[in-house]
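Chemist: Enclosed is the structure file structure_30.txt (compact mmCIF, C-alpha atoms and all ligand atoms).
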# COMPACT_ATOMS: atom_id res chain seq x y z
CA MET C 1 21.13 16.26 -6.15
CA ASN C 2 23.43 18.09 -8.52
CA LYS C 3 25.60 19.67 -5.84
CA ILE C 4 29.25 18.93 -6.57
CA THR C 5 30.65 19.66 -3.16
CA ASN C 6 29.41 19.54 0.38
CA PRO C 7 30.93 22.52 2.25
CA ALA C 8 30.20 21.34 5.78
CA PHE C 9 32.02 18.07 5.05
CA ALA C 10 34.78 19.90 3.15
CA THR C 11 35.81 21.71 6.32
CA LEU C 12 36.41 18.33 7.95
CA GLY C 13 38.99 17.53 5.30
CA LEU C 14 36.92 15.25 3.08
CA SER C 15 38.03 15.40 -0.55
CA PRO C 16 35.66 16.60 -3.30
CA THR C 17 35.19 12.95 -4.34
CA LEU C 18 33.96 11.94 -0.89
CA GLN C 19 32.01 15.19 -0.44
CA LYS C 20 30.12 14.36 -3.59
CA ALA C 21 29.45 10.82 -2.40
CA VAL C 22 28.11 12.12 0.94
CA ALA C 23 25.98 14.73 -0.85
CA LYS C 24 24.41 11.92 -2.88
CA LEU C 25 23.13 10.42 0.37
CA GLU C 26 21.47 13.83 0.90
CA PHE C 27 23.45 14.46 4.08
CA THR C 28 24.24 18.16 4.19
CA LEU C 29 25.49 18.56 7.76
CA PRO C 30 27.81 16.23 9.63
CA THR C 31 26.54 14.81 12.93
CA PRO C 32 28.63 15.70 16.05
CA ILE C 33 30.55 12.41 16.00
CA GLN C 34 31.29 12.83 12.29
CA LYS C 35 32.59 16.35 12.95
CA GLU C 36 34.96 15.14 15.63
CA ALA C 37 36.04 11.78 14.24
CA ILE C 38 36.58 12.43 10.52
CA PRO C 39 39.59 14.80 10.88
CA VAL C 40 41.29 12.47 13.40
CA ILE C 41 40.88 9.45 11.13
CA LEU C 42 42.11 11.35 8.08
CA GLU C 43 45.28 12.25 10.00
CA GLY C 44 45.95 8.57 10.63
CA GLY C 45 45.71 8.54 14.44
CA ASP C 46 44.17 5.96 16.74
CA LEU C 47 40.70 6.73 18.01
CA LEU C 48 38.28 5.65 20.67
CA ALA C 49 34.90 7.16 19.87
CA GLY C 50 31.79 6.95 22.01
CA ALA C 51 28.54 8.38 20.73
CA LYS C 52 24.93 7.41 21.21
CA THR C 53 22.99 4.94 19.07
CA GLY C 54 21.77 6.37 15.78
CA SER C 55 24.25 9.26 15.70
CA GLY C 56 25.92 8.40 12.39
CA LYS C 57 28.99 6.49 13.53
CA THR C 58 29.12 4.34 10.38
CA LEU C 59 29.69 7.25 8.01
CA ALA C 60 32.09 8.75 10.56
CA TYR C 61 34.55 5.94 9.86
CA VAL C 62 33.61 4.71 6.37
CA ALA C 63 34.03 8.09 4.66
CA PRO C 64 37.56 8.91 5.92
CA LEU C 65 38.60 5.27 5.51
CA CYS C 66 37.65 5.38 1.82
CA GLN C 67 39.49 8.65 1.39
CA ARG C 68 42.67 7.26 2.92
CA ILE C 69 42.46 4.20 0.70
CA ILE C 70 42.11 6.31 -2.42
CA THR C 71 44.93 8.67 -1.39
CA ASN C 72 47.36 5.93 -0.38
CA LYS C 73 46.54 3.94 -3.49
CA ALA C 74 47.43 6.91 -5.67
CA GLU C 75 50.71 7.33 -3.80
CA ASN C 76 51.59 3.69 -4.11
CA VAL C 77 50.55 2.50 -7.56
CA ASN C 78 52.42 -0.76 -7.27
CA HIS C 79 50.37 -1.85 -4.37
CA ALA C 80 50.68 -5.35 -3.04
CA LYS C 81 49.28 -8.19 -5.04
CA GLY C 82 47.70 -11.30 -3.57
CA ARG C 83 45.31 -11.86 -0.74
CA TYR C 84 45.94 -8.59 1.05
CA VAL C 85 43.48 -6.56 3.15
CA ARG C 86 44.07 -2.82 3.59
CA ALA C 87 41.28 -1.91 5.95
CA PHE C 88 39.33 -4.29 8.11
CA ILE C 89 35.99 -3.44 9.72
CA LEU C 90 34.97 -5.87 12.43
CA VAL C 91 31.32 -6.01 13.60
CA PRO C 92 29.49 -8.50 15.84
CA THR C 93 26.61 -9.71 13.63
CA ARG C 94 26.01 -10.81 10.06
CA GLU C 95 23.24 -8.27 9.59
CA LEU C 96 25.60 -5.46 10.58
CA VAL C 97 28.17 -6.68 8.06
CA VAL C 98 25.54 -6.23 5.37
CA GLN C 99 24.57 -2.79 6.64
CA VAL C 100 28.14 -1.48 6.82
CA ARG C 101 28.87 -2.94 3.39
CA GLU C 102 25.90 -1.00 2.04
CA MET C 103 27.38 2.24 3.39
CA VAL C 104 30.72 1.42 1.74
CA ASN C 105 28.91 0.71 -1.54
CA ALA C 106 26.85 3.90 -1.31
CA LEU C 107 29.97 6.02 -0.80
CA THR C 108 32.13 4.32 -3.41
CA GLU C 109 29.80 3.41 -6.27
CA ASN C 110 30.92 6.38 -8.39
CA ILE C 111 34.57 6.32 -7.44
CA TRP C 112 37.08 5.32 -10.09
CA PRO C 113 39.32 3.33 -9.90
CA GLY C 114 37.01 1.38 -7.64
CA ILE C 115 37.47 0.41 -4.02
CA ARG C 116 37.32 -3.35 -3.64
CA CYS C 117 35.18 -4.32 -0.70
CA LEU C 118 34.37 -7.82 0.52
CA SER C 119 31.95 -8.82 3.24
CA VAL C 120 32.30 -12.14 5.02
CA TYR C 121 30.17 -13.85 7.64
CA GLY C 122 29.03 -17.30 8.72
CA GLY C 123 26.12 -19.20 7.20
CA VAL C 124 27.63 -18.74 3.73
CA LYS C 125 30.13 -21.10 2.06
CA LEU C 126 33.67 -20.49 3.26
CA GLU C 127 35.24 -21.46 -0.07
CA SER C 128 33.47 -18.80 -2.13
CA GLN C 129 34.53 -16.08 0.33
CA GLY C 130 38.10 -17.39 0.24
CA ARG C 131 38.13 -17.29 -3.57
CA ALA C 132 36.79 -13.74 -3.57
CA MET C 133 39.92 -12.74 -1.64
CA ALA C 134 42.29 -14.03 -4.31
CA HIS C 135 43.22 -10.60 -5.69
CA GLY C 136 43.12 -8.77 -2.41
CA VAL C 137 40.57 -6.28 -1.10
CA ASP C 138 40.75 -2.68 0.02
CA ILE C 139 38.06 -3.04 2.67
CA LEU C 140 37.04 -6.24 4.43
CA VAL C 141 33.88 -6.19 6.55
CA GLY C 142 33.32 -9.27 8.68
CA THR C 143 32.29 -11.05 11.84
CA PRO C 144 35.06 -12.42 14.12
CA GLN C 145 34.47 -16.12 13.67
CA ARG C 146 34.41 -16.11 9.89
CA VAL C 147 37.40 -13.80 9.56
CA LEU C 148 39.34 -16.04 11.88
CA GLU C 149 38.49 -19.13 9.81
CA LEU C 150 39.68 -17.38 6.65
CA ALA C 151 42.85 -16.15 8.34
CA LYS C 152 43.67 -19.64 9.64
CA GLN C 153 43.34 -21.05 6.13
CA GLU C 154 45.50 -18.22 4.82
CA ALA C 155 42.63 -17.31 2.51
CA LEU C 156 43.35 -13.75 3.53
CA ARG C 157 46.46 -12.03 4.81
CA PHE C 158 46.73 -9.02 7.02
CA ASN C 159 50.40 -8.13 6.50
CA LYS C 160 49.42 -5.07 4.42
CA LEU C 161 46.73 -3.94 6.83
CA GLU C 162 46.63 -0.18 7.34
CA THR C 163 43.53 0.31 9.48
CA LEU C 164 41.43 -1.78 11.85
CA VAL C 165 37.94 -0.58 12.75
CA VAL C 166 36.07 -2.24 15.59
CA ASP C 167 32.45 -1.14 15.59
CA GLU C 168 30.30 -2.03 18.61
CA ALA C 169 33.68 -2.29 20.34
CA ASP C 170 32.31 -3.01 23.80
CA ARG C 171 30.40 -6.02 22.50
CA LEU C 172 33.37 -7.35 20.56
CA MET C 173 35.56 -6.98 23.61
CA ASP C 174 33.21 -8.73 26.02
CA SER C 175 33.70 -12.31 27.10
CA HIS C 176 31.62 -13.76 24.25
CA PHE C 177 33.99 -12.53 21.53
CA LYS C 178 37.18 -11.84 23.48
CA GLU C 179 38.96 -15.08 22.56
CA SER C 180 38.30 -14.74 18.81
CA LEU C 181 39.30 -11.11 18.94
CA ASP C 182 42.61 -11.88 20.66
CA GLN C 183 43.33 -14.53 18.04
CA ILE C 184 42.51 -12.16 15.19
CA VAL C 185 44.81 -9.48 16.62
CA ASN C 186 47.66 -12.01 16.47
CA TYR C 187 47.30 -12.04 12.69
CA LEU C 188 47.50 -8.24 12.40
CA PRO C 189 50.67 -6.20 11.99
CA ASN C 190 51.65 -4.23 15.08
CA SER C 191 51.88 -1.00 13.22
CA ARG C 192 48.35 -0.06 12.19
CA GLN C 193 45.69 2.56 12.78
CA ASN C 194 43.04 1.43 15.29
CA LEU C 195 39.57 2.91 15.37
CA LEU C 196 37.12 1.83 18.06
CA PHE C 197 33.48 2.90 17.98
CA THR C 198 30.92 2.27 20.68
CA ALA C 199 27.62 3.58 22.01
CA THR C 200 28.18 2.18 25.49
CA PHE C 201 31.40 2.09 27.41
CA PRO C 202 31.56 -0.41 30.25
CA ASP C 203 34.60 -0.04 32.53
CA VAL C 204 35.81 -3.58 31.85
CA ILE C 205 37.01 -2.63 28.39
CA ARG C 206 39.27 0.20 29.58
CA PRO C 207 42.37 -1.96 30.14
CA ILE C 208 41.94 -3.63 26.75
CA VAL C 209 41.64 -0.26 25.10
CA ARG C 210 44.79 0.97 26.83
CA HIS C 211 46.65 -2.13 25.71
CA TRP C 212 45.50 -1.86 22.11
CA LEU C 213 45.58 1.78 21.19
CA ASP C 214 48.56 3.98 20.57
CA GLN C 215 48.11 7.50 21.98
CA PRO C 216 44.49 7.54 20.93
CA THR C 217 42.24 10.55 20.59
CA ILE C 218 39.30 9.87 22.86
CA ILE C 219 35.94 11.30 21.91
CA ASN C 220 33.09 10.75 24.30
CA LEU C 221 29.89 12.42 23.17
CA TYR C 222 27.59 10.29 25.25
CA SER C 223 25.48 11.95 27.88
CA GLU C 224 22.42 10.81 29.79
CA GLU C 225 20.47 13.62 28.12
CA ASP C 226 20.92 11.76 24.87
CA SER C 227 18.24 9.21 25.52
CA LYS C 228 15.61 11.70 26.67
CA HIS C 229 13.97 11.81 23.23
CA ILE C 230 12.96 8.19 23.77
CA LYS C 231 9.88 7.80 25.95
CA GLN C 232 10.24 5.00 28.49
CA THR C 233 7.33 3.11 30.04
CA THR C 234 7.17 -0.05 32.11
CA LEU C 235 4.16 -2.28 32.39
CA SER C 236 3.89 -4.52 35.45
CA VAL C 237 2.52 -7.83 34.30
CA SER C 238 2.80 -11.37 35.59
CA LYS C 239 4.99 -13.73 33.59
CA THR C 240 2.06 -15.86 32.49
CA ARG C 241 0.09 -12.90 31.18
CA LYS C 242 2.80 -11.24 29.13
CA VAL C 243 1.47 -12.50 25.78
CA ASP C 244 -2.01 -11.21 26.61
CA ALA C 245 -0.55 -7.86 27.56
CA LEU C 246 1.42 -7.77 24.32
CA VAL C 247 -1.66 -8.60 22.23
CA LYS C 248 -3.60 -5.83 23.97
CA LEU C 249 -0.83 -3.31 23.39
CA LEU C 250 -0.49 -4.20 19.73
CA ASN C 251 -4.25 -4.14 19.12
CA LYS C 252 -4.90 -0.82 20.74
CA SER C 253 -1.95 1.03 19.24
CA ASP C 254 -1.41 2.35 15.76
CA TRP C 255 2.37 2.06 15.65
CA LYS C 256 3.49 1.69 12.08
CA GLN C 257 6.02 -0.94 13.22
CA VAL C 258 7.16 -2.56 16.43
CA LEU C 259 10.35 -4.43 17.30
CA ILE C 260 9.87 -6.91 20.15
CA PHE C 261 12.87 -8.22 22.08
CA CYS C 262 13.02 -11.55 23.93
CA ASN C 263 16.07 -13.00 25.66
CA ALA C 264 15.92 -16.52 24.23
CA LYS C 265 15.41 -17.95 20.75
CA LYS C 266 12.69 -20.29 21.91
CA THR C 267 10.83 -17.45 23.61
CA CYS C 268 10.82 -15.59 20.28
CA ASP C 269 9.29 -18.63 18.56
CA ARG C 270 6.76 -19.13 21.33
CA VAL C 271 5.66 -15.49 21.32
CA LYS C 272 5.33 -15.56 17.54
CA ALA C 273 3.11 -18.67 17.74
CA LYS C 274 0.95 -17.15 20.48
CA LEU C 275 0.55 -13.89 18.57
CA GLY C 276 -0.40 -16.00 15.54
CA ASP C 277 -3.15 -17.65 17.65
CA ALA C 278 -4.45 -14.16 18.35
CA GLY C 279 -4.46 -13.37 14.63
CA ILE C 280 -1.35 -11.17 14.73
CA GLU C 281 1.36 -11.91 12.20
CA ALA C 282 5.02 -11.32 13.08
CA GLY C 283 8.47 -12.19 11.76
CA VAL C 284 11.20 -13.75 13.87
CA LEU C 285 14.95 -13.20 13.81
CA HIS C 286 17.42 -15.14 15.91
CA ALA C 287 20.59 -17.15 15.51
CA ASN C 288 18.85 -20.48 14.86
CA LYS C 289 17.23 -19.21 11.68
CA ALA C 290 18.84 -19.90 8.31
CA GLN C 291 20.96 -17.03 7.01
CA LYS C 292 18.64 -16.36 4.08
CA GLU C 293 15.65 -16.21 6.38
CA ARG C 294 17.50 -13.84 8.76
CA LEU C 295 18.25 -11.41 5.98
CA THR C 296 14.75 -11.60 4.49
CA SER C 297 13.08 -10.89 7.86
CA LEU C 298 15.34 -7.92 8.41
CA THR C 299 14.95 -6.51 4.89
CA ASP C 300 11.17 -6.92 5.07
CA PHE C 301 11.14 -5.15 8.41
CA GLN C 302 13.44 -2.37 7.23
CA SER C 303 11.34 -1.82 4.11
CA GLY C 304 8.12 -1.72 6.14
CA LYS C 305 6.68 -4.87 4.52
CA LEU C 306 6.71 -6.59 7.91
CA ARG C 307 5.01 -4.73 10.77
CA LEU C 308 6.22 -6.77 13.72
CA LEU C 309 9.58 -8.37 14.29
CA ILE C 310 10.36 -10.53 17.32
CA ALA C 311 14.09 -10.88 17.91
CA THR C 312 16.89 -11.70 20.29
CA ASP C 313 19.69 -9.28 21.08
CA ILE C 314 21.44 -10.02 17.78
CA VAL C 315 19.18 -7.26 16.45
CA ALA C 316 19.94 -4.96 19.38
CA ARG C 317 23.27 -3.83 18.01
CA GLY C 318 23.75 -1.21 15.35
CA LEU C 319 20.94 -2.03 12.95
CA ASP C 320 19.39 1.01 11.36
CA ILE C 321 15.62 0.83 11.00
CA THR C 322 14.32 4.10 9.63
CA GLU C 323 11.57 5.74 11.66
CA LEU C 324 10.91 2.79 13.93
CA PRO C 325 8.38 4.24 16.42
CA CYS C 326 8.37 1.56 19.10
CA VAL C 327 10.47 -1.09 20.82
CA ILE C 328 8.88 -3.53 23.27
CA ASN C 329 10.96 -5.47 25.76
CA TYR C 330 8.97 -8.64 26.26
CA GLU C 331 11.48 -9.24 29.02
CA LEU C 332 14.37 -7.15 30.33
CA PRO C 333 17.77 -7.97 28.85
CA ARG C 334 20.20 -9.74 31.16
CA ILE C 335 22.94 -7.16 30.55
CA ALA C 336 22.19 -3.53 31.33
CA ASN C 337 24.01 -2.12 28.29
CA ASP C 338 21.87 -4.27 26.01
CA PHE C 339 18.92 -2.23 27.25
CA THR C 340 20.54 0.89 25.77
CA HIS C 341 21.18 -0.86 22.46
CA ARG C 342 17.65 -2.27 22.22
CA CYS C 343 16.22 1.21 22.86
CA GLY C 344 18.62 2.64 20.29
CA ARG C 345 16.78 0.93 17.43
CA THR C 346 14.12 3.62 17.85
CA GLY C 347 14.68 7.38 18.04
CA ARG C 348 17.43 7.34 15.41
CA ALA C 349 18.92 10.29 13.51
CA GLY C 350 17.31 12.81 15.86
CA GLN C 351 13.78 11.41 15.76
CA GLY C 352 11.48 10.51 18.67
CA GLY C 353 10.68 6.99 19.82
CA GLU C 354 9.00 4.93 22.49
CA VAL C 355 10.10 1.92 24.52
CA ILE C 356 7.74 -0.23 26.58
CA SER C 357 9.15 -2.86 28.94
CA LEU C 358 6.97 -5.66 30.26
CA VAL C 359 8.19 -6.30 33.79
CA ALA C 360 7.12 -9.27 35.90
CA GLU C 361 7.40 -9.12 39.67
CA SER C 362 10.47 -11.34 39.58
CA GLU C 363 12.20 -8.84 37.25
CA GLU C 364 11.67 -5.78 39.43
CA GLY C 365 15.00 -6.11 41.23
CA HIS C 366 16.71 -6.46 37.88
CA LEU C 367 14.92 -3.35 36.62
CA LEU C 368 16.36 -1.32 39.51
CA ASN C 369 19.74 -2.81 38.77
CA ILE C 370 19.58 -1.71 35.11
CA GLU C 371 18.39 1.78 36.11
CA LYS C 372 21.27 2.09 38.55
CA GLN C 373 23.90 0.84 36.12
CA LEU C 374 22.72 3.07 33.29
CA GLY C 375 21.92 6.05 35.51
CA ILE C 376 18.47 6.43 33.99
CA GLU C 377 14.86 6.06 35.04
CA ILE C 378 13.01 3.54 32.95
CA GLY C 379 9.48 3.97 34.17
P1 LIG W 401 25.12 4.65 14.77
O1 LIG W 401 26.14 3.74 14.19
O2 LIG W 401 25.71 5.82 15.50
O3 LIG W 401 24.09 3.94 15.60
P2 LIG W 401 24.30 4.93 12.01
O4 LIG W 401 25.62 5.09 11.40
O5 LIG W 401 23.63 3.61 11.83
O6 LIG W 401 24.31 5.31 13.56
O7 LIG W 401 23.37 6.11 11.43
C1 LIG W 401 22.04 6.32 11.87
C2 LIG W 401 21.21 6.96 10.75
O8 LIG W 401 21.61 8.29 10.52
C3 LIG W 401 21.35 6.23 9.42
O9 LIG W 401 20.08 6.12 8.81
C4 LIG W 401 22.23 7.14 8.62
O10 LIG W 401 22.03 6.99 7.24
C5 LIG W 401 21.83 8.52 9.14
N1 LIG W 401 22.89 9.55 9.00
C6 LIG W 401 24.23 9.36 9.15
N2 LIG W 401 24.91 10.52 8.98
C7 LIG W 401 23.99 11.48 8.71
C8 LIG W 401 24.06 12.88 8.44
N3 LIG W 401 25.22 13.53 8.41
N4 LIG W 401 22.90 13.54 8.22
C9 LIG W 401 21.70 12.89 8.25
N5 LIG W 401 21.56 11.56 8.50
C10 LIG W 401 22.68 10.85 8.73
MG MG W 402 26.56 1.74 14.44
In structure tokens, what does this structure look like?
Ligand code: ADP
Ligand code: MG
Modeler:
Amino acid sequence: MNKITNPAFATLGLSPTLQKAVAKLEFTLPTPIQKEAIPVILEGGDLLAGAKTGSGKTLAYVAPLCQRIITNKAENVNHAKGRYVRAFILVPTRELVVQVREMVNALTENIWPGIRCLSVYGGVKLESQGRAMAHGVDILVGTPQRVLELAKQEALRFNKLETLVVDEADRLMDSHFKESLDQIVNYLPNSRQNLLFTATFPDVIRPIVRHWLDQPTIINLYSEEDSKHIKQTTLSVSKTRKVDALVKLLNKSDWKQVLIFCNAKKTCDRVKAKLGDAGIEAGVLHANKAQKERLTSLTDFQSGKLRLLIATDIVARGLDITELPCVINYELPRIANDFTHRCGRTGRAGQGGEVISLVAESEEGHLLNIEKQLGIEIG
């Protein structure tokens, strides 16, 4: 594309440099969340932004963040030396770190002088990530545990931090991550810009949000209508016959690809083995797999090389799989909001999608519970 500027993004305040970078991704019109969030972020204010899965939240924060880094860098040529971090993007899984990093790379590859970005997550040697911090970074993308380890060792320092982004904020603020998050916040300077992005907004995070944010702009673009482009079906099937039902579904359909969710790691492995017995090949992704294997399964699935992927909810959050036509819930997730996130892997960027949930008799009460909590009808 030889377009120099991108008028629709120009009106949001993005500089010609960033407009050009966005145009290279062949995005001509901003999505609603991008329209609303970009000007707020450029102005330096705090933000709580809710918008559905697949609506372009990543670019909504990465683009203005890069612009602020470039602008502030130009204003302050003698910027801090050492292990500083200027912007910190926190996400819940390693795979999301990689995905966000790719967006940063895509937007900054032709920017000079460059923006230094570092991604850190577990399963990779701590020392090498610590060394990479030696001269400071403009943007750090990481998972809570690893960032905390690096902060404790003083391998990185947050005293120059300008902006904190928490993507998948509701997940990072739930009980699983809360303790790490509180500890991380203790390392951050009080005066900073906070940007929280989420596709689901459980009430329990409201007090935390109030405590954290300073006169935030609140954008809530979520509506129940949003998920209507995803077709929902349930299939009543006894627990012992779920694999058979799955085999039947996969054999009779011509879905280009299917993502299958199970609640437990060992269920993923068991379902993979049983599908294998039926002559159906599938990849598996869960937290007990080696990091290299996790990334290979995901890349193969994202590139279309792998047709079926069986995964736990670590894949439910944020991952962008282009044109994924179908998600199957081998079992219903324990937490209602996870249902929304699982479904959100299909029907992205305005496309259609289909979700099929296999529901055993013992799960029927839970199904009603999820429907009630989410205010939707599943099937
Ligand atoms: P979310 O974080 O809201 O779930 P993502 O940031 O992962 O969504 O974006 C979903 C998809 O939409 C990605 O493939 C992304 O490249 C694409 N996308 C983002 N912004 C635009 C845009 N302005 N126009 C077209 N596609 C876009
Ligand atoms: Mg996202």
Chemist: Around (5.8, -15.9, 20.7) in the file's frame, which residues reach within 10 Å when counting all atoms listed in the file? Return as a PyMOL selection string?
Modeler: chain C and resi 243+246+260+262+265-277+282+284+310+330
Chemist: Which of these, C:Pro39, C:Gly45, C:Gly304, C:Gly318, has the shortest distance to ligand MG 402 (chain W) once you count all atoms listed in the file?
Modeler: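 Using all atoms listed in the file, ligand MG 402 (chain W) sits closest to C:Gly318.
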Chemist: Would you please work out which residue, of C:Lys239, C:Arg171, C:Lys178, C:Arg210, is nearest to ligand MG 402 (chain W) when using all atoms listed in the file?
Modeler: C:Arg171
Chemist: Can you pull out every residue with an atom within 8 Å of ligand LIG 401 (chain W)? Use all atoms listed in the file and format it as a PyMOL selection string.
Modeler: chain C and resi 25-31+34+51-60+199+318-322+344+348-349
Chemist: Need to verify the contact set: Ile139 (chain C), 8 Å, only C-alpha atoms, exclusion of same-chain residues closer than 4 positions in sequence. Can you return it as a PyMOL selection string?
Modeler: chain C and resi 85-89+115-118
Chemist: Just want the 8 Å neighbourhood of Leu48 (chain C), counted on all atoms listed in the file, with same-chain residues fewer than 6 positions away dropped. Output as a list in words.
Modeler: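 In the requested format, the answer is Leu195, Leu196, Phe197, Pro216, Thr217, Ile218 and Ile219 of chain C.
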Chemist: Give the answer as one residue: which of C:Leu90, C:Ala360, C:Val141, C:Val185 has the shortest atom-to-atom distance to Glu102 (chain C), using only C-alpha atoms?
Modeler: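 Of C:Leu90, C:Ala360, C:Val141, C:Val185, the one nearest Glu102 (chain C) is C:Val141, counting only C-alpha atoms.
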Chemist: If we count only C-alpha atoms, what is near Ala316 (chain C) at a cut-off of 7 Å, once residues fewer than 5 positions away on the same chain are taken out, given as a list of chain:residue names?
Modeler: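 My list of contacting residues is C:Asp338, C:His341, C:Arg342, C:Arg345.
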Chemist: Quick one: everything within 10 Å of region 9-14 of chain C, counting all atoms listed in the file, minus sequence neighbours fewer than 6 positions away in the same chain. Send it as a PDB file with C-alpha atoms, in the coordinates of the input.
Modeler:
ATOM      1  CA  LYS C  20      30.120  14.360  -3.590  1.00  0.00           C
ATOM      2  CA  VAL C  22      28.110  12.120   0.940  1.00  0.00           C
ATOM      3  CA  ALA C  23      25.980  14.730  -0.850  1.00  0.00           C
ATOM      4  CA  PHE C  27      23.450  14.460   4.080  1.00  0.00           C
ATOM      5  CA  THR C  28      24.240  18.160   4.190  1.00  0.00           C
ATOM      6  CA  LEU C  29      25.490  18.560   7.760  1.00  0.00           C
ATOM      7  CA  PRO C  30      27.810  16.230   9.630  1.00  0.00           C
ATOM      8  CA  GLN C  34      31.290  12.830  12.290  1.00  0.00           C
ATOM      9  CA  LYS C  35      32.590  16.350  12.950  1.00  0.00           C
ATOM     10  CA  GLU C  36      34.960  15.140  15.630  1.00  0.00           C
ATOM     11  CA  ALA C  37      36.040  11.780  14.240  1.00  0.00           C
ATOM     12  CA  ILE C  38      36.580  12.430  10.520  1.00  0.00           C
ATOM     13  CA  PRO C  39      39.590  14.800  10.880  1.00  0.00           C
ATOM     14  CA  VAL C  40      41.290  12.470  13.400  1.00  0.00           C
ATOM     15  CA  LEU C  42      42.110  11.350   8.080  1.00  0.00           C
ATOM     16  CA  GLU C  43      45.280  12.250  10.000  1.00  0.00           C
ATOM     17  CA  ALA C  63      34.030   8.090   4.660  1.00  0.00           C
ATOM     18  CA  PRO C  64      37.560   8.910   5.920  1.00  0.00           C
ATOM     19  CA  CYS C  66      37.650   5.380   1.820  1.00  0.00           C
ATOM     20  CA  GLN C  67      39.490   8.650   1.390  1.00  0.00           C
ATOM     21  CA  ARG C  68      42.670   7.260   2.920  1.00  0.00           C
TER      22      ARG C  68
END
Chemist: Considering only C-alpha atoms, state which residue in the set C:Arg146, C:Gln153, C:Asn194, C:Ser236 is at the smallest distance from Glu361 (chain C).
Modeler: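 Among C:Arg146, C:Gln153, C:Asn194, C:Ser236, it is C:Ser236 that comes nearest to Glu361 (chain C).
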Chemist: Report the distance between CA of Ala290 (chain C) and CA of Gln257 (chain C) in Å, rounded to one decimal place.
Modeler: 23.4 Å
Chemist: Which residue is closest to ligand MG 402 (chain W)? Choose from C:Tyr61, C:Phe201, C:Trp255, C:Phe261 and count all atoms listed in the file.
Modeler: C:Tyr61
Chemist: What would region 94-107 of chain C look like if you wrote it out as a PDB file, in the first residue's frame, with N, CA and C atoms included, from the block I just posted?
Modeler:
ATOM      1  N   ARG C  94       1.340 -16.338  28.183  1.00  0.00           N
ATOM      2  CA  ARG C  94       2.558 -16.204  27.382  1.00  0.00           C
ATOM      3  C   ARG C  94       2.216 -15.983  25.905  1.00  0.00           C
ATOM      4  N   GLU C  95       1.207 -16.706  25.440  1.00  0.00           N
ATOM      5  CA  GLU C  95       0.835 -16.588  24.032  1.00  0.00           C
ATOM      6  C   GLU C  95       0.348 -15.181  23.712  1.00  0.00           C
ATOM      7  N   LEU C  96      -0.319 -14.561  24.670  1.00  0.00           N
ATOM      8  CA  LEU C  96      -0.790 -13.182  24.437  1.00  0.00           C
ATOM      9  C   LEU C  96       0.381 -12.194  24.424  1.00  0.00           C
ATOM     10  N   VAL C  97       1.388 -12.468  25.242  1.00  0.00           N
ATOM     11  CA  VAL C  97       2.585 -11.623  25.217  1.00  0.00           C
ATOM     12  C   VAL C  97       3.125 -11.598  23.788  1.00  0.00           C
ATOM     13  N   VAL C  98       3.241 -12.777  23.205  1.00  0.00           N
ATOM     14  CA  VAL C  98       3.790 -12.883  21.849  1.00  0.00           C
ATOM     15  C   VAL C  98       2.912 -12.121  20.858  1.00  0.00           C
ATOM     16  N   GLN C  99       1.603 -12.283  21.000  1.00  0.00           N
ATOM     17  CA  GLN C  99       0.683 -11.618  20.067  1.00  0.00           C
ATOM     18  C   GLN C  99       0.745 -10.087  20.170  1.00  0.00           C
ATOM     19  N   VAL C 100       0.774  -9.588  21.395  1.00  0.00           N
ATOM     20  CA  VAL C 100       0.838  -8.132  21.570  1.00  0.00           C
ATOM     21  C   VAL C 100       2.170  -7.604  21.048  1.00  0.00           C
ATOM     22  N   ARG C 101       3.233  -8.346  21.345  1.00  0.00           N
ATOM     23  CA  ARG C 101       4.568  -7.961  20.860  1.00  0.00           C
ATOM     24  C   ARG C 101       4.568  -7.845  19.328  1.00  0.00           C
ATOM     25  N   GLU C 102       3.867  -8.784  18.679  1.00  0.00           N
ATOM     26  CA  GLU C 102       3.811  -8.741  17.218  1.00  0.00           C
ATOM     27  C   GLU C 102       3.133  -7.463  16.722  1.00  0.00           C
ATOM     28  N   MET C 103       2.100  -7.026  17.452  1.00  0.00           N
ATOM     29  CA  MET C 103       1.430  -5.772  17.062  1.00  0.00           C
ATOM     30  C   MET C 103       2.387  -4.593  17.251  1.00  0.00           C
ATOM     31  N   VAL C 104       3.128  -4.595  18.353  1.00  0.00           N
ATOM     32  CA  VAL C 104       4.107  -3.517  18.575  1.00  0.00           C
ATOM     33  C   VAL C 104       5.128  -3.533  17.429  1.00  0.00           C
ATOM     34  N   ASN C 105       5.636  -4.712  17.099  1.00  0.00           N
ATOM     35  CA  ASN C 105       6.619  -4.809  16.015  1.00  0.00           C
ATOM     36  C   ASN C 105       6.038  -4.306  14.698  1.00  0.00           C
ATOM     37  N   ALA C 106       4.799  -4.736  14.404  1.00  0.00           N
ATOM     38  CA  ALA C 106       4.187  -4.359  13.122  1.00  0.00           C
ATOM     39  C   ALA C 106       4.060  -2.841  13.023  1.00  0.00           C
ATOM     40  N   LEU C 107       3.730  -2.202  14.144  1.00  0.00           N
ATOM     41  CA  LEU C 107       3.530  -0.744  14.091  1.00  0.00           C
ATOM     42  C   LEU C 107       4.840   0.039  14.152  1.00  0.00           C
TER      43      LEU C 107
END
